Amino acid sequence: MKKSPKYCSVLFLFMLFLPSYHLLAQNSSFRIKVKAGLQNTPPYLVKYYNSKNWEKFYASILKFEYDPKYEYDIKVAKHKAGSNSTYTLMKTIAKSLSENTDVATWEISDSYVNAQRLGKLKCLQIKTDKKNKWEYLNTSIRGFDYQEGYRYRIRVKQTKQKDIDTIDYSLVEIISKEKTNELPSVAAFLARFKWNLLQLNGKDVTDSKASIGFDAKNGTVAGTTGCNNFWGNFSIKGNQISFPHLASTMRACNGANIENDFFQIFEQKQIQFDIAEQTLNLYIDGKLIMIFGLERE
């Protein structure tokens, strides 16, 4: 059948515009919000127009100069060539910075601590990049699902509330999460009893009323020097025991007391121990320096 000249003209026009139509089909654009405070990008943390939660966006965005101090609302062009896609910034719709906001990197310890002086039984232990020591945080971090038994490194946004002297903390991202070693079974035995101090540096100190108790589940200790109460963490590796992150009340101790010697020993990093039938014995460099006796209920 012979095609009419009119039909051929229409077919020619369709074929002429087909490549342009195909090219347009490979390009699109979308709008996203980009979260502030990220340490390394990509991935970015973004929200699309219908997102409730932040999602990871792994591709680079050409012409987008990200500054972690700012949160962005941007329009992005997507170009697809075969199986590859590239993304380019089309427009920055909004770029906001709160004068009272800062982003920091924190290390989070693997267990809560009983911080009685802060009026809370359980507090997170944090270490910031600016201070190389453990501190207690007596408030929550929004968006952070903390699990004991894991050591975290996180990015946190700190926002000072207007007109009030409080700070709001919210999670930006979890950089790392590592499971720590569980305490050995000897910790469970220590946790069964209260341990009263009987001897310190070779002297009978029974009258001091100093004592210590262990919590094997949380890896914490609490006790008294006979003057001030103390609390913190303990760790056991082989025949060594240590008491990192100890804190105490600050009452003045009148008269003779053992507190200075007590804490001086507990602050040592190399303390050996053994458990006799009814005593917990602590050694430094092989020398017996403390003896605790168990108190049965």
# chains A, B, ... in the order shown; residues from 1 in each chain; ligands from 1
>>> residues_around(residues="A:Gly255", least_positions_apart="6", cutoff="12 Å", atoms="only C-alpha atoms", output="list in words")
Ser208, Gly226 and Cys227 of chain A
>>> residues_around(residues="stretch 259-270 of chain A", least_positions_apart="6", cutoff="12 Å", atoms="only C-alpha atoms", output="MDAnalysis selection string")
chainID A and resid 197 199:201 203 205 208:212 221 223:253 282:291
>>> write_last_selection(atoms="N, CA and C atoms", output="short mmCIF file (atom, residue, chain, number, x, y, z; two decimals), in the first residue's frame")
data_model
loop_
_atom_site.label_atom_id
_atom_site.label_comp_id
_atom_site.auth_asym_id
_atom_site.auth_seq_id
_atom_site.Cartn_x
_atom_site.Cartn_y
_atom_site.Cartn_z
N LEU A 197 35.06 -2.29 104.46
CA LEU A 197 36.51 -2.16 104.51
C LEU A 197 37.02 -2.54 105.90
N GLN A 199 40.69 -3.39 106.34
CA GLN A 199 42.09 -3.04 106.50
C GLN A 199 42.54 -2.14 105.34
N LEU A 200 43.32 -1.11 105.65
CA LEU A 200 43.82 -0.18 104.66
C LEU A 200 45.30 0.10 104.94
N ASN A 201 46.16 -0.21 103.98
CA ASN A 201 47.61 -0.02 104.14
C ASN A 201 48.13 -0.66 105.43
N LYS A 203 46.57 -1.25 108.23
CA LYS A 203 45.96 -0.81 109.48
C LYS A 203 44.50 -1.23 109.56
N VAL A 205 40.86 -0.64 109.96
CA VAL A 205 39.99 0.54 109.78
C VAL A 205 38.52 0.14 109.85
N SER A 208 35.90 2.77 110.53
CA SER A 208 35.65 3.84 109.56
C SER A 208 34.27 3.74 108.92
N LYS A 209 33.69 2.54 108.94
CA LYS A 209 32.38 2.28 108.32
C LYS A 209 32.41 2.44 106.79
N ALA A 210 33.60 2.40 106.19
CA ALA A 210 33.71 2.47 104.73
C ALA A 210 33.25 1.16 104.11
N SER A 211 32.59 1.25 102.96
CA SER A 211 32.08 0.04 102.31
C SER A 211 31.87 0.31 100.82
N ILE A 212 31.65 -0.78 100.09
CA ILE A 212 31.40 -0.68 98.65
C ILE A 212 30.43 -1.76 98.22
N VAL A 221 29.50 0.87 90.67
CA VAL A 221 29.73 0.70 92.10
C VAL A 221 29.15 1.89 92.83
N GLY A 223 29.20 3.40 97.19
CA GLY A 223 29.63 3.10 98.55
C GLY A 223 29.89 4.35 99.34
N THR A 224 30.63 4.20 100.44
CA THR A 224 30.96 5.32 101.30
C THR A 224 32.38 5.16 101.83
N THR A 225 33.03 6.29 102.06
CA THR A 225 34.36 6.28 102.69
C THR A 225 34.25 6.41 104.20
N GLY A 226 33.02 6.43 104.70
CA GLY A 226 32.78 6.72 106.11
C GLY A 226 32.46 8.19 106.33
N CYS A 227 32.69 9.00 105.29
CA CYS A 227 32.37 10.43 105.34
C CYS A 227 31.52 10.82 104.14
N ASN A 228 32.05 10.63 102.96
CA ASN A 228 31.33 10.96 101.72
C ASN A 228 30.90 9.70 100.98
N ASN A 229 29.77 9.80 100.30
CA ASN A 229 29.30 8.74 99.42
C ASN A 229 30.00 8.86 98.07
N PHE A 230 30.23 7.74 97.40
CA PHE A 230 30.83 7.75 96.07
C PHE A 230 30.10 6.78 95.16
N TRP A 231 30.29 6.96 93.87
CA TRP A 231 29.65 6.09 92.88
C TRP A 231 30.43 6.20 91.58
N GLY A 232 30.20 5.27 90.67
CA GLY A 232 30.91 5.28 89.38
C GLY A 232 30.87 3.92 88.72
N ASN A 233 31.91 3.60 87.97
CA ASN A 233 31.97 2.35 87.21
C ASN A 233 33.12 1.47 87.69
N PHE A 234 33.04 0.20 87.36
CA PHE A 234 34.19 -0.68 87.59
C PHE A 234 34.38 -1.58 86.38
N SER A 235 35.61 -2.02 86.19
CA SER A 235 35.96 -2.89 85.08
C SER A 235 36.89 -3.98 85.58
N ILE A 236 36.68 -5.19 85.09
CA ILE A 236 37.51 -6.32 85.48
C ILE A 236 38.09 -6.97 84.23
N LYS A 237 39.43 -7.14 84.22
CA LYS A 237 40.12 -7.86 83.16
C LYS A 237 41.14 -8.79 83.81
N GLY A 238 40.87 -10.06 83.73
CA GLY A 238 41.76 -11.02 84.37
C GLY A 238 41.76 -10.83 85.87
N ASN A 239 42.96 -10.60 86.44
CA ASN A 239 43.04 -10.38 87.90
C ASN A 239 43.18 -8.90 88.24
N GLN A 240 42.78 -8.03 87.30
CA GLN A 240 42.87 -6.59 87.53
C GLN A 240 41.48 -5.97 87.59
N ILE A 241 41.33 -5.01 88.49
CA ILE A 241 40.08 -4.28 88.65
C ILE A 241 40.39 -2.80 88.64
N SER A 242 39.54 -2.02 88.04
CA SER A 242 39.72 -0.56 88.00
C SER A 242 38.39 0.12 88.24
N PHE A 243 38.46 1.38 88.66
CA PHE A 243 37.26 2.15 89.01
C PHE A 243 37.29 3.50 88.30
N PRO A 244 37.04 3.51 86.97
CA PRO A 244 37.06 4.79 86.24
C PRO A 244 35.79 5.60 86.51
N HIS A 245 35.89 6.89 86.31
CA HIS A 245 34.74 7.80 86.37
C HIS A 245 34.10 7.87 87.75
N LEU A 246 34.88 7.78 88.82
CA LEU A 246 34.30 7.90 90.16
C LEU A 246 33.91 9.34 90.45
N ALA A 247 32.82 9.51 91.19
CA ALA A 247 32.39 10.82 91.68
C ALA A 247 31.96 10.64 93.13
N SER A 248 31.89 11.75 93.86
CA SER A 248 31.52 11.65 95.27
C SER A 248 30.84 12.92 95.73
N THR A 249 30.18 12.82 96.88
CA THR A 249 29.65 14.01 97.53
C THR A 249 30.82 14.82 98.09
N MET A 250 30.54 16.03 98.52
CA MET A 250 31.63 16.94 98.88
C MET A 250 31.50 17.46 100.32
N ARG A 251 31.06 16.61 101.23
CA ARG A 251 30.96 17.03 102.63
C ARG A 251 32.35 17.17 103.25
N ALA A 252 32.50 18.14 104.14
CA ALA A 252 33.75 18.28 104.89
C ALA A 252 33.85 17.16 105.90
N CYS A 253 35.02 16.52 106.00
CA CYS A 253 35.21 15.39 106.90
C CYS A 253 36.02 15.85 108.12
N LEU A 282 42.76 -6.28 97.61
CA LEU A 282 43.31 -5.45 96.55
C LEU A 282 44.81 -5.27 96.75
N TYR A 283 45.55 -5.31 95.62
CA TYR A 283 47.01 -5.23 95.66
C TYR A 283 47.50 -4.17 94.66
N ILE A 284 48.59 -3.53 94.98
CA ILE A 284 49.31 -2.67 94.04
C ILE A 284 50.76 -3.12 94.04
N ASP A 285 51.23 -3.47 92.83
CA ASP A 285 52.60 -3.99 92.68
C ASP A 285 52.86 -5.17 93.61
N GLY A 286 51.86 -6.03 93.78
CA GLY A 286 51.99 -7.23 94.59
C GLY A 286 51.86 -7.01 96.08
N LYS A 287 51.66 -5.77 96.51
CA LYS A 287 51.54 -5.47 97.93
C LYS A 287 50.06 -5.34 98.32
N LEU A 288 49.66 -6.06 99.35
CA LEU A 288 48.28 -6.01 99.83
C LEU A 288 48.00 -4.65 100.46
N ILE A 289 47.02 -3.92 99.93
CA ILE A 289 46.77 -2.57 100.45
C ILE A 289 45.34 -2.36 100.96
N MET A 290 44.40 -3.23 100.58
CA MET A 290 43.02 -3.11 101.08
C MET A 290 42.42 -4.48 101.24
N ILE A 291 41.67 -4.66 102.32
CA ILE A 291 40.91 -5.89 102.55
C ILE A 291 39.48 -5.51 102.88
#
>>> closest_atom_pairs(of="stretch 32-64 of chain A", to="stretch 155-161 of chain A", cutoff="10 Å", atoms="only C-alpha atoms", output="tab-separated table")
residue	atom	partner	partner_atom	distance
A:Ala36	CA	A:Lys157	CA	8.5
A:Gly37	CA	A:Lys157	CA	7.0
A:Leu38	CA	A:Arg155	CA	7.5
A:Gln39	CA	A:Arg155	CA	7.9
>>> write_last_selection(atoms="N, CA and C atoms", output="PDB file, in the first residue's frame")
ATOM      1  N   ALA A  36      21.811  19.984  59.074  1.00  0.00           N
ATOM      2  CA  ALA A  36      23.061  20.619  59.501  1.00  0.00           C
ATOM      3  C   ALA A  36      23.883  19.657  60.359  1.00  0.00           C
ATOM      4  N   GLY A  37      25.173  19.988  60.530  1.00  0.00           N
ATOM      5  CA  GLY A  37      26.004  19.302  61.508  1.00  0.00           C
ATOM      6  C   GLY A  37      26.699  18.046  61.052  1.00  0.00           C
ATOM      7  N   LEU A  38      26.652  17.715  59.751  1.00  0.00           N
ATOM      8  CA  LEU A  38      27.269  16.480  59.281  1.00  0.00           C
ATOM      9  C   LEU A  38      28.779  16.666  59.164  1.00  0.00           C
ATOM     10  N   GLN A  39      29.519  15.640  59.580  1.00  0.00           N
ATOM     11  CA  GLN A  39      30.975  15.743  59.600  1.00  0.00           C
ATOM     12  C   GLN A  39      31.577  15.490  58.224  1.00  0.00           C
TER      13      GLN A  39
END
>>> atom_distance(atom1="atom CA of A:Asn84", atom2="atom CA of A:Lys63")
18.3 Å
>>> atom_distance(atom1="atom CA of A:Gly293", atom2="atom CA of A:Gly202")
14.6 Å
>>> residues_around(residues="A:Thr279", least_positions_apart="5", cutoff="12 Å", atoms="only C-alpha atoms", output="PyMOL selection string")
chain A and resi 189-190+193-199+273-274+290-296
>>> select_by_dssp(residues="stretch 17-240 of chain A", states="alpha helix (DSSP H)", output="PyMOL selection string")
chain A and resi 17-25+186-190
>>> closest_residue(among="A:Tyr49, A:Tyr112, A:Tyr87, A:Tyr66", to="A:Asn218", atoms="only C-alpha atoms")
A:Tyr112
>>> closest_residue(among="A:Val46, A:Val34, A:Ala59, A:Ile108", to="A:Tyr72", atoms="only C-alpha atoms")
A:Val34
>>> atom_distance(atom1="atom CA of A:Thr139", atom2="atom CA of A:Thr105")
16.9 Å
>>> closest_residue(among="A:Trp106, A:Phe144, A:Tyr48, A:Tyr169", to="A:Thr128", atoms="only C-alpha atoms")
A:Trp106
>>> closest_residue(among="A:His79, A:Lys131, A:Asn53, A:Lys35", to="A:Leu97", atoms="only C-alpha atoms")
A:Lys35
>>> residues_around(residues="A:Lys78", least_positions_apart="5", cutoff="8 Å", atoms="only C-alpha atoms", output="list in words")
Asn27, Ser28, Ser29, Phe30, Ser85, Thr86, Tyr87 and Thr88 of chain A
>>> residues_around(residues="A:Lys91", least_positions_apart="6", cutoff="9 Å", atoms="only C-alpha atoms", output="PyMOL selection string")
chain A and resi 73-76
>>> select_by_dssp(residues="stretch 48-275 of chain A", states="strand (DSSP E or B)", output="ChimeraX atom specification")
/A:55-57,61-62,71-81,84-96,101-108,113-115,120-128,135-137,142,150-160,167-179,194-200,203-204,211-215,220-224,229-233,235-237,240-242,247-248,271-275
>>> decode(residues="stretch 31-45 of chain A", atoms="all heavy atoms", output="PDB file, in the first residue's frame")
ATOM      1  N   ARG A  31      12.958  18.664  45.347  1.00  0.00           N
ATOM      2  CA  ARG A  31      13.306  19.586  46.434  1.00  0.00           C
ATOM      3  C   ARG A  31      13.563  18.783  47.706  1.00  0.00           C
ATOM      4  O   ARG A  31      12.808  17.861  48.036  1.00  0.00           O
ATOM      5  CB  ARG A  31      12.168  20.577  46.649  1.00  0.00           C
ATOM      6  CG  ARG A  31      12.397  21.609  47.731  1.00  0.00           C
ATOM      7  CD  ARG A  31      11.256  22.605  47.728  1.00  0.00           C
ATOM      8  NE  ARG A  31      11.326  23.518  48.871  1.00  0.00           N
ATOM      9  CZ  ARG A  31      10.458  24.521  49.073  1.00  0.00           C
ATOM     10  NH1 ARG A  31       9.486  24.741  48.182  1.00  0.00           N
ATOM     11  NH2 ARG A  31      10.585  25.302  50.132  1.00  0.00           N
ATOM     12  N   ILE A  32      14.642  19.116  48.418  1.00  0.00           N
ATOM     13  CA  ILE A  32      14.986  18.415  49.657  1.00  0.00           C
ATOM     14  C   ILE A  32      15.483  19.406  50.701  1.00  0.00           C
ATOM     15  O   ILE A  32      15.981  20.474  50.368  1.00  0.00           O
ATOM     16  CB  ILE A  32      16.076  17.337  49.430  1.00  0.00           C
ATOM     17  CG1 ILE A  32      17.308  17.938  48.741  1.00  0.00           C
ATOM     18  CG2 ILE A  32      15.530  16.140  48.704  1.00  0.00           C
ATOM     19  CD1 ILE A  32      18.472  16.972  48.617  1.00  0.00           C
ATOM     20  N   LYS A  33      15.352  18.994  51.967  1.00  0.00           N
ATOM     21  CA  LYS A  33      16.003  19.688  53.071  1.00  0.00           C
ATOM     22  C   LYS A  33      17.251  18.895  53.437  1.00  0.00           C
ATOM     23  O   LYS A  33      17.209  17.661  53.471  1.00  0.00           O
ATOM     24  CB  LYS A  33      15.081  19.785  54.282  1.00  0.00           C
ATOM     25  CG  LYS A  33      13.926  20.750  54.100  1.00  0.00           C
ATOM     26  CD  LYS A  33      13.091  20.867  55.370  1.00  0.00           C
ATOM     27  CE  LYS A  33      11.971  21.873  55.190  1.00  0.00           C
ATOM     28  NZ  LYS A  33      11.148  21.983  56.428  1.00  0.00           N
ATOM     29  N   VAL A  34      18.355  19.585  53.725  1.00  0.00           N
ATOM     30  CA  VAL A  34      19.614  18.948  54.080  1.00  0.00           C
ATOM     31  C   VAL A  34      19.947  19.315  55.522  1.00  0.00           C
ATOM     32  O   VAL A  34      19.984  20.487  55.888  1.00  0.00           O
ATOM     33  CB  VAL A  34      20.757  19.377  53.141  1.00  0.00           C
ATOM     34  CG1 VAL A  34      22.037  18.637  53.487  1.00  0.00           C
ATOM     35  CG2 VAL A  34      20.377  19.121  51.686  1.00  0.00           C
ATOM     36  N   LYS A  35      20.192  18.299  56.336  1.00  0.00           N
ATOM     37  CA  LYS A  35      20.407  18.504  57.767  1.00  0.00           C
ATOM     38  C   LYS A  35      21.769  19.138  58.048  1.00  0.00           C
ATOM     39  O   LYS A  35      22.761  18.844  57.380  1.00  0.00           O
ATOM     40  CB  LYS A  35      20.306  17.156  58.500  1.00  0.00           C
ATOM     41  CG  LYS A  35      20.167  17.281  60.003  1.00  0.00           C
ATOM     42  CD  LYS A  35      19.865  15.926  60.625  1.00  0.00           C
ATOM     43  CE  LYS A  35      19.509  16.056  62.108  1.00  0.00           C
ATOM     44  NZ  LYS A  35      19.184  14.752  62.707  1.00  0.00           N
ATOM     45  N   ALA A  36      21.811  19.984  59.074  1.00  0.00           N
ATOM     46  CA  ALA A  36      23.061  20.619  59.501  1.00  0.00           C
ATOM     47  C   ALA A  36      23.883  19.657  60.359  1.00  0.00           C
ATOM     48  O   ALA A  36      23.389  18.644  60.847  1.00  0.00           O
ATOM     49  CB  ALA A  36      22.749  21.887  60.301  1.00  0.00           C
ATOM     50  N   GLY A  37      25.173  19.988  60.530  1.00  0.00           N
ATOM     51  CA  GLY A  37      26.004  19.302  61.508  1.00  0.00           C
ATOM     52  C   GLY A  37      26.699  18.046  61.052  1.00  0.00           C
ATOM     53  O   GLY A  37      27.311  17.349  61.864  1.00  0.00           O
ATOM     54  N   LEU A  38      26.652  17.715  59.751  1.00  0.00           N
ATOM     55  CA  LEU A  38      27.269  16.480  59.281  1.00  0.00           C
ATOM     56  C   LEU A  38      28.779  16.666  59.164  1.00  0.00           C
ATOM     57  O   LEU A  38      29.259  17.691  58.693  1.00  0.00           O
ATOM     58  CB  LEU A  38      26.683  16.079  57.932  1.00  0.00           C
ATOM     59  CG  LEU A  38      25.163  15.863  57.914  1.00  0.00           C
ATOM     60  CD1 LEU A  38      24.699  15.545  56.505  1.00  0.00           C
ATOM     61  CD2 LEU A  38      24.762  14.758  58.877  1.00  0.00           C
ATOM     62  N   GLN A  39      29.519  15.640  59.580  1.00  0.00           N
ATOM     63  CA  GLN A  39      30.975  15.743  59.600  1.00  0.00           C
ATOM     64  C   GLN A  39      31.577  15.490  58.224  1.00  0.00           C
ATOM     65  O   GLN A  39      32.482  16.201  57.786  1.00  0.00           O
ATOM     66  CB  GLN A  39      31.551  14.768  60.619  1.00  0.00           C
ATOM     67  CG  GLN A  39      33.019  14.984  60.924  1.00  0.00           C
ATOM     68  CD  GLN A  39      33.481  14.132  62.090  1.00  0.00           C
ATOM     69  OE1 GLN A  39      32.906  13.091  62.382  1.00  0.00           O
ATOM     70  NE2 GLN A  39      34.527  14.567  62.772  1.00  0.00           N
ATOM     71  N   ASN A  40      31.091  14.459  57.537  1.00  0.00           N
ATOM     72  CA  ASN A  40      31.586  14.125  56.202  1.00  0.00           C
ATOM     73  C   ASN A  40      30.407  13.921  55.265  1.00  0.00           C
ATOM     74  O   ASN A  40      29.442  13.230  55.608  1.00  0.00           O
ATOM     75  CB  ASN A  40      32.435  12.847  56.244  1.00  0.00           C
ATOM     76  CG  ASN A  40      33.686  13.012  57.089  1.00  0.00           C
ATOM     77  OD1 ASN A  40      34.505  13.877  56.829  1.00  0.00           O
ATOM     78  ND2 ASN A  40      33.825  12.179  58.106  1.00  0.00           N
ATOM     79  N   THR A  41      30.485  14.510  54.082  1.00  0.00           N
ATOM     80  CA  THR A  41      29.423  14.348  53.083  1.00  0.00           C
ATOM     81  C   THR A  41      30.041  14.061  51.725  1.00  0.00           C
ATOM     82  O   THR A  41      31.136  14.552  51.428  1.00  0.00           O
ATOM     83  CB  THR A  41      28.579  15.629  52.981  1.00  0.00           C
ATOM     84  OG1 THR A  41      29.435  16.738  52.694  1.00  0.00           O
ATOM     85  CG2 THR A  41      27.794  15.882  54.242  1.00  0.00           C
ATOM     86  N   PRO A  42      29.319  13.299  50.837  1.00  0.00           N
ATOM     87  CA  PRO A  42      28.142  12.515  51.183  1.00  0.00           C
ATOM     88  C   PRO A  42      28.483  11.304  52.062  1.00  0.00           C
ATOM     89  O   PRO A  42      29.664  11.005  52.174  1.00  0.00           O
ATOM     90  CB  PRO A  42      27.629  12.078  49.798  1.00  0.00           C
ATOM     91  CG  PRO A  42      28.857  12.055  48.923  1.00  0.00           C
ATOM     92  CD  PRO A  42      29.753  13.153  49.448  1.00  0.00           C
ATOM     93  N   PRO A  43      27.467  10.625  52.666  1.00  0.00           N
ATOM     94  CA  PRO A  43      26.042  10.881  52.459  1.00  0.00           C
ATOM     95  C   PRO A  43      25.548  12.117  53.204  1.00  0.00           C
ATOM     96  O   PRO A  43      26.082  12.476  54.244  1.00  0.00           O
ATOM     97  CB  PRO A  43      25.373   9.612  53.011  1.00  0.00           C
ATOM     98  CG  PRO A  43      26.312   9.167  54.088  1.00  0.00           C
ATOM     99  CD  PRO A  43      27.684   9.487  53.582  1.00  0.00           C
ATOM    100  N   TYR A  44      24.522  12.734  52.634  1.00  0.00           N
ATOM    101  CA  TYR A  44      23.798  13.792  53.306  1.00  0.00           C
ATOM    102  C   TYR A  44      22.616  13.169  54.038  1.00  0.00           C
ATOM    103  O   TYR A  44      22.177  12.066  53.704  1.00  0.00           O
ATOM    104  CB  TYR A  44      23.264  14.814  52.298  1.00  0.00           C
ATOM    105  CG  TYR A  44      24.316  15.463  51.444  1.00  0.00           C
ATOM    106  CD1 TYR A  44      24.610  14.970  50.168  1.00  0.00           C
ATOM    107  CD2 TYR A  44      25.009  16.578  51.888  1.00  0.00           C
ATOM    108  CE1 TYR A  44      25.578  15.574  49.372  1.00  0.00           C
ATOM    109  CE2 TYR A  44      25.976  17.189  51.094  1.00  0.00           C
ATOM    110  CZ  TYR A  44      26.256  16.677  49.838  1.00  0.00           C
ATOM    111  OH  TYR A  44      27.214  17.266  49.053  1.00  0.00           O
ATOM    112  N   LEU A  45      22.107  13.859  55.031  1.00  0.00           N
ATOM    113  CA  LEU A  45      20.840  13.479  55.643  1.00  0.00           C
ATOM    114  C   LEU A  45      19.789  14.439  55.122  1.00  0.00           C
ATOM    115  O   LEU A  45      19.904  15.660  55.305  1.00  0.00           O
ATOM    116  CB  LEU A  45      20.928  13.535  57.170  1.00  0.00           C
ATOM    117  CG  LEU A  45      21.765  12.435  57.829  1.00  0.00           C
ATOM    118  CD1 LEU A  45      21.859  12.648  59.329  1.00  0.00           C
ATOM    119  CD2 LEU A  45      21.179  11.053  57.541  1.00  0.00           C
TER     120      LEU A  45
END
